[in-house]
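Below: one structure, written as structure tokens.
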Protein chains: 2
Amino acid sequence: MTLRLLLAAVAAFALPLPALAQVAPSDPATLRDAALKDDIAWDIVEGLTTEVGQRLAATDAEARAREWAVTKLKALGFQNVHIETFRMPVWVRGEERAEIVSPFPQKLVIAALGNSGSTGPKGVEAEIVYFPTLADLEAAPDSAVKGKIVFISHAMMPTQDGSSYGPFGQARRKGPAIAAQKGAVAVLIRSVGTDHHRNPHTGGTNWPKGVTPIAAAALPLPDAEQLERVLRRGKPVRMRLLITPQFKGEGESGNVIAEVPGSDPSAGIVLIGGHLDSWDLGTGAIDDGTGVAITAAAAKRIMDSGQPRRTIRVVWFGAEEPGGFGGEAYAKAHAGERHVAAAESDFGADRVWKFDVNLPDSAKAIGDRLTAALAPLGIARGRELAGDGTDVGPMMKLGVAAIDLAQDGTRYFDLHHTPDDTLDKIDLVQLRQNVAAWTAMLATVANAPEEIGPVTPRPGL
Amino acid sequence: MTLRLLLAAVAAFALPLPALAQVAPSDPATLRDAALKDDIAWDIVEGLTTEVGQRLAATDAEARAREWAVTKLKALGFQNVHIETFRMPVWVRGEERAEIVSPFPQKLVIAALGNSGSTGPKGVEAEIVYFPTLADLEAAPDSAVKGKIVFISHAMMPTQDGSSYGPFGQARRKGPAIAAQKGAVAVLIRSVGTDHHRNPHTGGTNWPKGVTPIAAAALPLPDAEQLERVLRRGKPVRMRLLITPQFKGEGESGNVIAEVPGSDPSAGIVLIGGHLDSWDLGTGAIDDGTGVAITAAAAKRIMDSGQPRRTIRVVWFGAEEPGGFGGEAYAKAHAGERHVAAAESDFGADRVWKFDVNLPDSAKAIGDRLTAALAPLGIARGRELAGDGTDVGPMMKLGVAAIDLAQDGTRYFDLHHTPDDTLDKIDLVQLRQNVAAWTAMLATVANAPEEIGPVTPRPGL
């Protein structure tokens, strides 16, 4: 029995490890505490956002990011570093301008939503029809919408767990298609965000089969509130919009894969990662430069402490933003390999505040050891079944055990999908806490002596 | 002796007025405390920023603002409401785009400085030459600058009294002309600001006679820091800029004037106000919608409490931003009238935290009564000689007594001259404190029984 296995067995009996006890340099607590001084994650996200910048899916910039990633991951000492490409539809931003024509002429700031249609180069001018919520648009007769510019608002609040994004995000995901089906010429939404800067929040919108895309853009909160104030004056409000993005057919994206090979190939793969692509307005620092940085930094720290039992596979997924293309491509290519656990970092870089698992009964002790390993970082075990992650979701759906390290989302939607998603928003102390949490998690899971069999996926995954 | 004069006389003996004592409804303390529930100022700034929006000097938007102002000031019951026009050079923004061409291609956000020259419609491409401070540019030989795009940085910090704006603002005011004289093709500056949003800070730059304007723009702090990181990689950095503002010859701006006539015309005029124009990126909420709102609201509250001894003249100045044209035009037209005191509100809407005066010895007691009237709002008397204000400065220069109600500037340069200068940034509680301070000041000064003779202006005014 190696020292590592001995320690794991001790931990399995749920004996707390005194902070000052003599422990091996590769035990979770020691690795965790050393990671609180991590510089690897900062170095990755600083390099990626500076030397590549924005990385819109299936563009030259994303391809440059993959080359950058291969160089960096090889330099860090990972094995089997390679790119796996896939094809996907390409969408790129064009010009975007918005102005109130009457009653109070003024410009507003907008950003086209991902997959927005175009107004054409001449733009459109029409009256605004205002819906305080998506439900109000859904309830409206076609006659109220036809020929108009739809404006959908909402009242999203910050939440620590990010749970407000699901319901309020529907205005962006579904609203434009509903407006198009009712005959709108274009659609504006109040940004799905919680800040009050002149930063529009882009993000993907969906067009069901048979619905022709119309121009769809987000107003920053100050602009959405300005438009609401103008509308409250009770006069008809006319706007002119120029929104000219383009669908450019099929293009190439790809996943970047790197490994820390395990000593026991039969024990299965632990799959971790984040996404390499970003929206095009910021530099993709917290979405998701930090996700790829945190996961790779933690894996590197495990690698440097000695060979783990299980292979840790780090994937920097391509094309998550426009619809999770990288995660689907990965699952398609790798479903036949034995994956035993998966986890994703894609919610910024503020502190991990809780964790959840979906582990088989045979591996219940791993959850208990995680509770002990993460508690010193202030991370409590949650009451939910794990299963988060657009990119690792397709593997979880196949029954791979799940671990969610939940990041504090209180300020995430101040920055998410905006021009403000830049390096300066990252808090180094909190970034390091993330690396420490991931390091402790990997040290625990990748080295666990227990068999980790398949699980029933979280419902709805 | 009227009750007001009696009270003023009592106050002149520096007897503190107990908070619960029986006092007239028009005494400074009662008016001050009622103003803490003021809605007039909010109503003005909400209306101006919503129904007009940005108000760039000598444009149609500024003209609409003057019409709006006349309607509003008349509705509030002011007397002698009228516009006094003047001519000035007109500058308007064009297109603006910036990108790093090599070594790491990416777009940056910029905004042209006021009075920037143009790159022409084809733009310019050149290597960046970096100067950490304006002094470094000044010290550089022409050969280091010729044919290049100059990038000037600095390290401004927030200050409560706004004093960092003077020295660090020189990069914007003087930097472009120095770069032009040394042969630069264009100039970028780190925004003169303290926030980390993708909001460039515009603001006027100056071209001495004989210097041909070149294109000059500000980078938001995240973009300036990004460019610095790219430069630190040590490779030559090439950028492409398209900056196409236009000088449009002479145009019309104007001041809007309104009065609360005093009962004693021989006692002189108390001149107050802010500026009606704004830069074009935001809606001019805190610069200077709140200044015109606060001063007019306070004057209105005095008017409604009974006729003051002195005429209070409220001026909403035009064209302050491009160079104080409204203040100069006012002084030229009105220097012959007897002004006895002047004060300006042009530093946002956060709390007044101190006040300073420049009063003649004969009116020393007024300063003491102001100390008593403002202390309950947390406002202490400062140790400086008053004399702030671009718009009332030309009158102060002629020897008019000065009162500075200094606003807290800690977050002012997060917003100043940016797209983020919008209504949502105004804190209603702090706005009301401003109105209360101005109301107490006006009740004290406009009704003071003392003669207020001329003063020696603050040195350097």
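Chain labels run A, B, ... following the order of the structure tokens; each chain numbers its residues from 1, and ligands are numbered from 1 in the order shown.
With only C-alpha atoms taken into account, the protein and nucleic acid residues at most 10 Å from Pro261 in chain B (excluding it and anything under 2 positions from it in its own chain) are Phe78, Gln79, Asn80, Ala258, Glu259, Ser263, Asp264, Pro265, Ile269, Met303, Gln307, Pro308, Arg309, Arg310, Thr311, Ile312 and Arg313 of chain B.
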Export, as an mmCIF file, in the first residue's frame, the selected residues with C-alpha atoms.
```
data_model
loop_
_atom_site.group_PDB
_atom_site.id
_atom_site.type_symbol
_atom_site.label_atom_id
_atom_site.label_comp_id
_atom_site.auth_asym_id
_atom_site.auth_seq_id
_atom_site.Cartn_x
_atom_site.Cartn_y
_atom_site.Cartn_z
ATOM 1 C CA PHE B 78 -38.569 81.294 -12.018
ATOM 2 C CA GLN B 79 -38.572 84.852 -13.372
ATOM 3 C CA ASN B 80 -36.728 86.376 -16.357
ATOM 4 C CA ALA B 258 -33.480 82.218 -14.581
ATOM 5 C CA GLU B 259 -33.975 84.361 -11.510
ATOM 6 C CA SER B 263 -36.307 92.415 -2.411
ATOM 7 C CA ASP B 264 -33.206 94.622 -2.321
ATOM 8 C CA PRO B 265 -31.735 95.148 -5.820
ATOM 9 C CA ILE B 269 -26.760 89.166 -7.262
ATOM 10 C CA MET B 303 -38.237 81.136 -3.781
ATOM 11 C CA GLN B 307 -38.678 86.526 -1.344
ATOM 12 C CA PRO B 308 -34.966 86.588 -0.527
ATOM 13 C CA ARG B 309 -33.100 89.818 0.052
ATOM 14 C CA ARG B 310 -30.728 89.307 -2.869
ATOM 15 C CA THR B 311 -31.575 88.183 -6.380
ATOM 16 C CA ILE B 312 -30.538 84.597 -6.952
ATOM 17 C CA ARG B 313 -29.546 84.101 -10.558
#
```
Subject >> DSSP strand (DSSP E) residues within range 350-433 of chain B, listed as a PyMOL selection string >> reply: chain B and resi 352-358+380-385+401-407
Take the residues from that selection and write them out as a PDB file, in the first residue's frame, keeping N, CA and C atoms.
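Result saved to selection.pdb:
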```
ATOM      1  N   VAL B 352     -21.827  66.558  -0.438  1.00  0.00           N
ATOM      2  CA  VAL B 352     -20.945  67.678  -0.101  1.00  0.00           C
ATOM      3  C   VAL B 352     -20.276  67.316   1.222  1.00  0.00           C
ATOM      4  N   TRP B 353     -18.948  67.393   1.254  1.00  0.00           N
ATOM      5  CA  TRP B 353     -18.236  66.958   2.477  1.00  0.00           C
ATOM      6  C   TRP B 353     -17.479  68.099   3.141  1.00  0.00           C
ATOM      7  N   LYS B 354     -17.249  69.199   2.415  1.00  0.00           N
ATOM      8  CA  LYS B 354     -16.611  70.360   3.043  1.00  0.00           C
ATOM      9  C   LYS B 354     -17.001  71.588   2.241  1.00  0.00           C
ATOM     10  N   PHE B 355     -16.797  72.746   2.842  1.00  0.00           N
ATOM     11  CA  PHE B 355     -16.992  73.972   2.067  1.00  0.00           C
ATOM     12  C   PHE B 355     -15.861  74.925   2.371  1.00  0.00           C
ATOM     13  N   ASP B 356     -15.604  75.779   1.393  1.00  0.00           N
ATOM     14  CA  ASP B 356     -14.627  76.855   1.564  1.00  0.00           C
ATOM     15  C   ASP B 356     -15.257  78.149   1.078  1.00  0.00           C
ATOM     16  N   VAL B 357     -14.750  79.244   1.547  1.00  0.00           N
ATOM     17  CA  VAL B 357     -15.271  80.548   1.114  1.00  0.00           C
ATOM     18  C   VAL B 357     -14.111  81.471   0.757  1.00  0.00           C
ATOM     19  N   ASN B 358     -14.434  82.455  -0.047  1.00  0.00           N
ATOM     20  CA  ASN B 358     -13.566  83.619  -0.197  1.00  0.00           C
ATOM     21  C   ASN B 358     -14.492  84.827  -0.032  1.00  0.00           C
ATOM     22  N   ALA B 380     -17.854  70.039   6.931  1.00  0.00           N
ATOM     23  CA  ALA B 380     -16.944  70.845   7.745  1.00  0.00           C
ATOM     24  C   ALA B 380     -16.350  71.958   6.892  1.00  0.00           C
ATOM     25  N   ARG B 381     -15.945  73.015   7.566  1.00  0.00           N
ATOM     26  CA  ARG B 381     -15.293  74.102   6.849  1.00  0.00           C
ATOM     27  C   ARG B 381     -13.869  73.713   6.510  1.00  0.00           C
ATOM     28  N   GLY B 382     -13.484  73.925   5.268  1.00  0.00           N
ATOM     29  CA  GLY B 382     -12.141  73.576   4.823  1.00  0.00           C
ATOM     30  C   GLY B 382     -11.137  74.661   5.119  1.00  0.00           C
ATOM     31  N   ARG B 383      -9.900  74.415   4.717  1.00  0.00           N
ATOM     32  CA  ARG B 383      -8.811  75.342   5.014  1.00  0.00           C
ATOM     33  C   ARG B 383      -8.325  76.077   3.780  1.00  0.00           C
ATOM     34  N   GLU B 384      -9.127  75.987   2.697  1.00  0.00           N
ATOM     35  CA  GLU B 384      -8.672  76.590   1.449  1.00  0.00           C
ATOM     36  C   GLU B 384      -9.472  77.847   1.124  1.00  0.00           C
ATOM     37  N   LEU B 385      -8.964  78.598   0.186  1.00  0.00           N
ATOM     38  CA  LEU B 385      -9.667  79.768  -0.305  1.00  0.00           C
ATOM     39  C   LEU B 385     -10.537  79.316  -1.473  1.00  0.00           C
ATOM     40  N   ALA B 401     -17.149  87.407  -4.522  1.00  0.00           N
ATOM     41  CA  ALA B 401     -16.916  86.455  -3.432  1.00  0.00           C
ATOM     42  C   ALA B 401     -17.301  85.049  -3.880  1.00  0.00           C
ATOM     43  N   ALA B 402     -16.607  84.059  -3.319  1.00  0.00           N
ATOM     44  CA  ALA B 402     -16.768  82.676  -3.787  1.00  0.00           C
ATOM     45  C   ALA B 402     -17.130  81.749  -2.649  1.00  0.00           C
ATOM     46  N   ILE B 403     -18.008  80.812  -2.938  1.00  0.00           N
ATOM     47  CA  ILE B 403     -18.341  79.754  -1.986  1.00  0.00           C
ATOM     48  C   ILE B 403     -18.238  78.425  -2.732  1.00  0.00           C
ATOM     49  N   ASP B 404     -17.423  77.527  -2.227  1.00  0.00           N
ATOM     50  CA  ASP B 404     -17.289  76.195  -2.840  1.00  0.00           C
ATOM     51  C   ASP B 404     -17.943  75.173  -1.923  1.00  0.00           C
ATOM     52  N   LEU B 405     -18.952  74.497  -2.427  1.00  0.00           N
ATOM     53  CA  LEU B 405     -19.521  73.350  -1.715  1.00  0.00           C
ATOM     54  C   LEU B 405     -18.913  72.113  -2.376  1.00  0.00           C
ATOM     55  N   ALA B 406     -17.926  71.535  -1.695  1.00  0.00           N
ATOM     56  CA  ALA B 406     -17.102  70.486  -2.329  1.00  0.00           C
ATOM     57  C   ALA B 406     -17.775  69.130  -2.214  1.00  0.00           C
ATOM     58  N   GLN B 407     -18.008  68.511  -3.383  1.00  0.00           N
ATOM     59  CA  GLN B 407     -18.638  67.194  -3.409  1.00  0.00           C
ATOM     60  C   GLN B 407     -17.595  66.093  -3.330  1.00  0.00           C
TER      61      GLN B 407
END
```
Subject >> Residue hits in chain B, query chain A, radius 7 Å, only C-alpha atoms, as a ChimeraX atom specification >> reply: /B:50-53,104,106,197-198,222,226,229-230,419-420,422,424
Output the selection as a PDB file, in the first residue's frame - C-alpha atoms for each residue.
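The file below, again-v8.pdb, is the result:
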```
ATOM      1  CA  THR B  50     -34.369  61.143 -20.582  1.00  0.00           C
ATOM      2  CA  GLU B  51     -36.009  63.706 -22.849  1.00  0.00           C
ATOM      3  CA  VAL B  52     -32.805  65.176 -24.269  1.00  0.00           C
ATOM      4  CA  GLY B  53     -29.992  62.731 -23.451  1.00  0.00           C
ATOM      5  CA  PHE B 104      -1.336  39.731 -31.175  1.00  0.00           C
ATOM      6  CA  GLN B 106      -7.171  42.174 -31.441  1.00  0.00           C
ATOM      7  CA  HIS B 197     -14.830  49.201 -17.229  1.00  0.00           C
ATOM      8  CA  ARG B 198     -14.586  49.228 -21.019  1.00  0.00           C
ATOM      9  CA  PRO B 222      -8.685  47.605 -19.248  1.00  0.00           C
ATOM     10  CA  GLN B 226      -3.930  45.219 -22.168  1.00  0.00           C
ATOM     11  CA  ARG B 229       0.881  43.879 -21.285  1.00  0.00           C
ATOM     12  CA  VAL B 230       1.283  43.377 -25.028  1.00  0.00           C
ATOM     13  CA  PRO B 419     -20.678  56.342 -21.642  1.00  0.00           C
ATOM     14  CA  ASP B 420     -21.442  55.377 -18.043  1.00  0.00           C
ATOM     15  CA  THR B 422     -26.145  57.951 -16.890  1.00  0.00           C
ATOM     16  CA  ASP B 424     -28.733  55.204 -12.690  1.00  0.00           C
TER      17      ASP B 424
END
```
List the neighbours of Leu271 in chain B out to 10 Å using only C-alpha atoms; skip same-chain residues closer than 6 positions along the sequence, and give me the result as a PDB file with C-alpha atoms, in the first residue's frame.
```pdb
ATOM      1  CA  GLU B 259     -33.975  84.361 -11.510  1.00  0.00           C
ATOM      2  CA  THR B 295     -28.694  74.604  -7.952  1.00  0.00           C
ATOM      3  CA  THR B 311     -31.575  88.183  -6.380  1.00  0.00           C
ATOM      4  CA  ILE B 312     -30.538  84.597  -6.952  1.00  0.00           C
ATOM      5  CA  ARG B 313     -29.546  84.101 -10.558  1.00  0.00           C
ATOM      6  CA  VAL B 314     -29.436  80.514 -11.768  1.00  0.00           C
ATOM      7  CA  VAL B 315     -27.417  80.002 -14.936  1.00  0.00           C
ATOM      8  CA  HIS B 339     -22.548  90.238  -8.424  1.00  0.00           C
ATOM      9  CA  VAL B 340     -21.689  89.687  -4.751  1.00  0.00           C
ATOM     10  CA  ALA B 341     -21.236  85.927  -4.515  1.00  0.00           C
ATOM     11  CA  ALA B 342     -20.868  83.003  -6.891  1.00  0.00           C
ATOM     12  CA  ALA B 343     -20.937  79.224  -6.556  1.00  0.00           C
ATOM     13  CA  GLU B 344     -21.038  76.343  -9.018  1.00  0.00           C
ATOM     14  CA  VAL B 392     -18.442  81.127 -12.570  1.00  0.00           C
ATOM     15  CA  MET B 395     -16.857  86.346 -12.492  1.00  0.00           C
ATOM     16  CA  VAL B 400     -16.875  88.296  -6.779  1.00  0.00           C
ATOM     17  CA  ALA B 402     -16.768  82.676  -3.787  1.00  0.00           C
ATOM     18  CA  ALA B 446     -28.945  85.612  -0.174  1.00  0.00           C
TER      19      ALA B 446
END
```
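Proximity of B:Ala184, B:Val129, B:Leu461, B:Ala297 to Trp42 in chain B, computed with only C-alpha atoms, is greatest for B:Ala297.
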**OP:** Grab the CA of Val92 in chain A to CA of Thr244 in chain A distance for me, in Å with one decimal place.
**Re:** 9.2 Å
**OP:** Find the residue from A:Lys235, A:Arg93, A:His334, A:Arg411 that sits nearest to Leu56 in chain A; use only C-alpha atoms when measuring.
**Re:** A:Arg93
**OP:** Could you please write out, as a PyMOL selection string, every residue of range 213-436 of chain A that DSSP assigns to helix (DSSP H, G or I)?
**Re:** chain A and resi 221-232+265-267+285-304+325-334+361-377+393-396+412-415+423-425+428-436
**OP:** Please identify all polymer residues within 9 Å of Ile452 in chain A, counting only C-alpha atoms, omitting same-chain residues fewer than 2 positions from it, and present them as a PyMOL selection string.
**Re:** chain A and resi 267-268+340-341+359-363+400-401+448+450+454-455
Subject >> Å distance separating CA of Leu219 in chain A from CA of Leu242 in chain B, one decimal place >> reply: 25.1 Å
Original post:
Neighbours of Ser143 in chain A within 12 Å (only C-alpha atoms; same-chain residues fewer than 5 positions away dropped), as a ChimeraX atom specification?
Top reply: /A:129,137,148,179,181-184
Could you save the residues just selected, with N, CA and C atoms, as a short mmCIF file (atom, residue, chain, number, x, y, z; two decimals), in the first residue's frame?
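Output (result.cif):
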```
data_model
loop_
_atom_site.label_atom_id
_atom_site.label_comp_id
_atom_site.auth_asym_id
_atom_site.auth_seq_id
_atom_site.Cartn_x
_atom_site.Cartn_y
_atom_site.Cartn_z
N VAL A 129 -42.68 48.03 -29.50
CA VAL A 129 -43.75 47.48 -28.65
C VAL A 129 -43.06 46.82 -27.46
N LEU A 137 -44.86 38.91 -23.81
CA LEU A 137 -44.72 38.73 -25.27
C LEU A 137 -45.45 37.47 -25.71
N LYS A 148 -43.37 45.55 -35.92
CA LYS A 148 -42.76 46.39 -34.88
C LYS A 148 -41.41 45.85 -34.41
N ALA A 179 -40.77 36.46 -30.98
CA ALA A 179 -41.06 37.74 -31.64
C ALA A 179 -41.10 37.57 -33.16
N GLN A 181 -41.79 34.89 -34.86
CA GLN A 181 -42.97 34.11 -35.25
C GLN A 181 -44.24 34.96 -35.24
N LYS A 182 -44.23 36.02 -34.42
CA LYS A 182 -45.39 36.91 -34.36
C LYS A 182 -45.27 38.07 -35.35
N GLY A 183 -44.19 38.09 -36.14
CA GLY A 183 -44.10 39.09 -37.19
C GLY A 183 -43.28 40.33 -36.87
N ALA A 184 -42.49 40.30 -35.78
CA ALA A 184 -41.65 41.46 -35.44
C ALA A 184 -40.58 41.66 -36.50
#
```
